[in-house]
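Student: Take a look at the following structure, please.
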Amino acid sequence: MIDDAHDLACVHAATERLLSAAAGLDNASLAEPSRLPGWSRGHVLAHLARNADALVNVLEARPMYADAATRDADIERDAPRPLAAQLDDLRASADRFRHTAAAPADRNRTVELRNGVTDTAARVPFRRWIEVELHHVDLGTGYELEDLPAEFTERETDFLTERFAQHPDVPSTVLVSETGRTWKTGGGAPGGPVTVEGPAAELLGWLAGRRDGLALTVRGGTLPALPPL
């Protein structure tokens, strides 16, 4: 059962880690490339602030973003700001999200995200946790996939293997972590089953498009090409 209060506390802790790391940057390093192609570190922080506001919209039954063009334009507008403005915005937007997500409401209601995706309100804090943790890694400030909380790594692997289950471009695939935990995904494309083995952080990195999978061991075929998130 989803514990959204627990997840909201995890979001807060992850946000504090991110803010602490970002505070160690300066305006010049903020303008440097992040690990996301075409995005500076400023783009990453701007996206995280606007995503917090977008999830407030979701919880208050408004469209997550007005449209894709507006979402992209807002990020481009906010990316070049100086570090102090970025940090203030990220703190304020995180506080708005936390306040809205903690307010009394029907946690079982269905909410709509981007591109027609729906979920329960109770899982929105976990979705925000995903954004904060993975984009902290994307900043390239020394926080790596191996530094992610073990609970997050396991749950995000659960989430992504569910997402790719029966995907028409992914053959039947079994993931095996070094701890012996297994997941099944894919199955919508011909071929397989392919077994992919490796450390939990490497498996997550491959699923989330943050690593190329070369550190993984593949049996029964070649490493499947996963669609972008």
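Numbering starts fresh at 1 for the residues of each chain in the structure tokens, the chains themselves are lettered A, B, ... in the order given, and ligands are numbered from 1 as they appear.
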Compile the contact shell of range 97-109 of chain A as a compact mmCIF listing (two decimals) with all heavy atoms, in the first residue's frame: residues with an atom at most 8 Å away, counting only C-alpha atoms, same-chain residues fewer than 2 positions apart removed.

Tutor:
# COMPACT_ATOMS: atom_id res chain seq x y z
N ALA A 5 2.47 9.90 2.88
CA ALA A 5 3.09 10.74 3.89
C ALA A 5 4.58 10.41 4.02
O ALA A 5 5.43 11.30 4.14
CB ALA A 5 2.38 10.57 5.23
N LEU A 8 6.29 11.76 0.97
CA LEU A 8 6.44 13.22 1.04
C LEU A 8 7.63 13.59 1.93
O LEU A 8 8.37 14.54 1.62
CB LEU A 8 5.14 13.83 1.56
CG LEU A 8 4.92 15.33 1.27
CD1 LEU A 8 5.03 15.61 -0.22
CD2 LEU A 8 3.57 15.75 1.81
N HIS A 12 11.06 15.62 0.78
CA HIS A 12 11.66 16.75 1.51
C HIS A 12 13.14 16.50 1.77
O HIS A 12 13.98 17.40 1.54
CB HIS A 12 10.92 16.96 2.82
CG HIS A 12 11.47 18.08 3.65
ND1 HIS A 12 11.43 19.40 3.25
CD2 HIS A 12 12.12 18.06 4.85
CE1 HIS A 12 12.00 20.15 4.16
NE2 HIS A 12 12.43 19.38 5.14
N ALA A 52 7.56 21.06 -9.77
CA ALA A 52 6.85 21.12 -8.49
C ALA A 52 5.53 21.86 -8.65
O ALA A 52 4.48 21.40 -8.16
CB ALA A 52 7.73 21.80 -7.44
N ASP A 53 5.56 22.98 -9.35
CA ASP A 53 4.32 23.73 -9.59
C ASP A 53 3.36 22.94 -10.47
O ASP A 53 2.13 23.00 -10.27
CB ASP A 53 4.64 25.08 -10.23
CG ASP A 53 5.24 26.07 -9.23
OD1 ASP A 53 5.05 25.89 -8.02
OD2 ASP A 53 5.91 27.02 -9.69
N LEU A 55 3.01 19.72 -10.55
CA LEU A 55 2.38 18.68 -9.74
C LEU A 55 1.36 19.27 -8.76
O LEU A 55 0.40 18.59 -8.39
CB LEU A 55 3.43 17.85 -9.01
CG LEU A 55 4.27 16.96 -9.95
CD1 LEU A 55 5.37 16.24 -9.17
CD2 LEU A 55 3.40 15.96 -10.69
N VAL A 56 1.55 20.51 -8.36
CA VAL A 56 0.50 21.21 -7.62
C VAL A 56 -0.74 21.32 -8.50
O VAL A 56 -1.87 21.07 -8.06
CB VAL A 56 0.97 22.61 -7.16
CG1 VAL A 56 -0.21 23.43 -6.64
CG2 VAL A 56 2.03 22.48 -6.08
N LEU A 59 -2.54 17.99 -8.54
CA LEU A 59 -3.27 17.70 -7.31
C LEU A 59 -4.50 18.59 -7.14
O LEU A 59 -5.44 18.22 -6.44
CB LEU A 59 -2.34 17.85 -6.10
CG LEU A 59 -1.24 16.78 -6.01
CD1 LEU A 59 -0.25 17.14 -4.90
CD2 LEU A 59 -1.83 15.39 -5.76
N SER A 93 8.96 26.62 -4.56
CA SER A 93 8.10 25.69 -5.29
C SER A 93 8.00 24.36 -4.57
O SER A 93 6.93 23.73 -4.55
CB SER A 93 8.62 25.51 -6.72
OG SER A 93 9.94 24.99 -6.73
N ALA A 94 9.09 23.93 -3.94
CA ALA A 94 9.06 22.69 -3.16
C ALA A 94 8.12 22.82 -1.97
O ALA A 94 7.38 21.89 -1.63
CB ALA A 94 10.46 22.32 -2.70
N ASP A 95 8.14 23.99 -1.34
CA ASP A 95 7.23 24.23 -0.21
C ASP A 95 5.77 24.23 -0.67
O ASP A 95 4.89 23.71 0.04
CB ASP A 95 7.57 25.55 0.47
CG ASP A 95 8.85 25.49 1.29
OD1 ASP A 95 9.33 24.37 1.56
OD2 ASP A 95 9.37 26.56 1.65
N VAL A 111 -5.77 11.21 -10.86
CA VAL A 111 -5.28 12.50 -11.34
C VAL A 111 -4.65 12.28 -12.71
O VAL A 111 -4.21 11.18 -13.05
CB VAL A 111 -4.25 13.11 -10.37
CG1 VAL A 111 -4.91 13.43 -9.03
CG2 VAL A 111 -3.05 12.19 -10.16
N THR A 120 -2.97 7.62 -9.28
CA THR A 120 -3.70 8.03 -8.08
C THR A 120 -2.98 9.21 -7.44
O THR A 120 -1.75 9.37 -7.57
CB THR A 120 -3.79 6.89 -7.07
OG1 THR A 120 -2.46 6.51 -6.68
CG2 THR A 120 -4.53 5.70 -7.65
N ALA A 121 -3.72 10.03 -6.73
CA ALA A 121 -3.11 11.16 -6.03
C ALA A 121 -2.06 10.69 -5.03
O ALA A 121 -1.05 11.38 -4.82
CB ALA A 121 -4.20 11.97 -5.32
N ALA A 122 -2.26 9.52 -4.46
CA ALA A 122 -1.32 9.02 -3.46
C ALA A 122 0.06 8.76 -4.03
O ALA A 122 1.06 8.78 -3.29
CB ALA A 122 -1.86 7.73 -2.84
N PRO A 125 3.47 12.05 -4.71
CA PRO A 125 4.72 12.31 -4.01
C PRO A 125 5.87 11.42 -4.47
O PRO A 125 7.01 11.89 -4.57
CB PRO A 125 4.36 12.06 -2.54
CG PRO A 125 2.91 12.43 -2.47
CD PRO A 125 2.34 11.90 -3.77

Student: Give me, as JSON, numbers by chain, all polymer residues having an atom no more than 9 Å from Leu203 in chain A, counting only C-alpha atoms and skipping those fewer than 3 positions away in the same chain.

Tutor: {"A": [157, 175, 176, 177, 196, 197, 198, 199, 200, 206, 207, 208, 211, 213, 216]}

Student: Just the selected residues (N, CA and C atoms), exported as a tab-separated table (two decimals), in the first residue's frame, please.

Tutor:
chain	number	residue	atom	x	y	z
A	157	THR	N	13.02	1.01	-9.68
A	157	THR	CA	13.18	-0.13	-10.58
A	157	THR	C	11.84	-0.84	-10.75
A	175	LEU	N	15.40	-8.96	-15.16
A	175	LEU	CA	16.49	-8.24	-14.50
A	175	LEU	C	16.82	-8.94	-13.20
A	176	VAL	N	18.11	-9.10	-12.94
A	176	VAL	CA	18.56	-9.75	-11.71
A	176	VAL	C	19.62	-8.86	-11.07
A	177	SER	N	19.34	-8.40	-9.85
A	177	SER	CA	20.32	-7.56	-9.16
A	177	SER	C	21.31	-8.44	-8.42
A	196	VAL	N	19.25	-9.84	-17.78
A	196	VAL	CA	20.19	-8.74	-17.58
A	196	VAL	C	20.55	-8.71	-16.10
A	197	GLU	N	21.84	-8.86	-15.81
A	197	GLU	CA	22.28	-8.96	-14.43
A	197	GLU	C	23.28	-7.86	-14.10
A	198	GLY	N	23.25	-7.41	-12.84
A	198	GLY	CA	24.24	-6.42	-12.42
A	198	GLY	C	23.86	-5.73	-11.13
A	199	PRO	N	24.69	-4.79	-10.69
A	199	PRO	CA	24.39	-4.03	-9.47
A	199	PRO	C	23.09	-3.25	-9.63
A	200	ALA	N	22.41	-3.03	-8.53
A	200	ALA	CA	21.12	-2.35	-8.55
A	200	ALA	C	21.22	-0.98	-9.19
A	206	TRP	N	20.38	1.97	-16.36
A	206	TRP	CA	19.99	1.53	-17.70
A	206	TRP	C	18.50	1.77	-17.94
A	207	LEU	N	17.66	1.39	-17.00
A	207	LEU	CA	16.21	1.57	-17.15
A	207	LEU	C	15.85	3.05	-17.29
A	208	ALA	N	16.54	3.91	-16.54
A	208	ALA	CA	16.21	5.32	-16.50
A	208	ALA	C	16.94	6.14	-17.57
A	211	ARG	N	22.53	5.37	-17.89
A	211	ARG	CA	23.73	4.60	-18.17
A	211	ARG	C	23.49	3.71	-19.38
A	213	GLY	N	24.43	0.61	-19.94
A	213	GLY	CA	24.26	-0.82	-19.72
A	213	GLY	C	25.48	-1.66	-19.98
A	216	LEU	N	26.57	-4.16	-17.36
A	216	LEU	CA	25.65	-5.25	-17.06
A	216	LEU	C	26.04	-6.51	-17.82

Student: Record the distance separating CA of Ala46 in chain A and CA of Ile75 in chain A, expressed in Å with one decimal.

Tutor: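 Going from CA of Ala46 in chain A over to CA of Ile75 in chain A, I get 5.5 Å.
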
Student: Have a look at A:Gly191, A:Pro63, A:Pro171, A:Pro82 and name the one nearest to Thr118 in chain A; count only C-alpha atoms.

Tutor: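 Of all the options, A:Pro63 lies closest to Thr118 in chain A.
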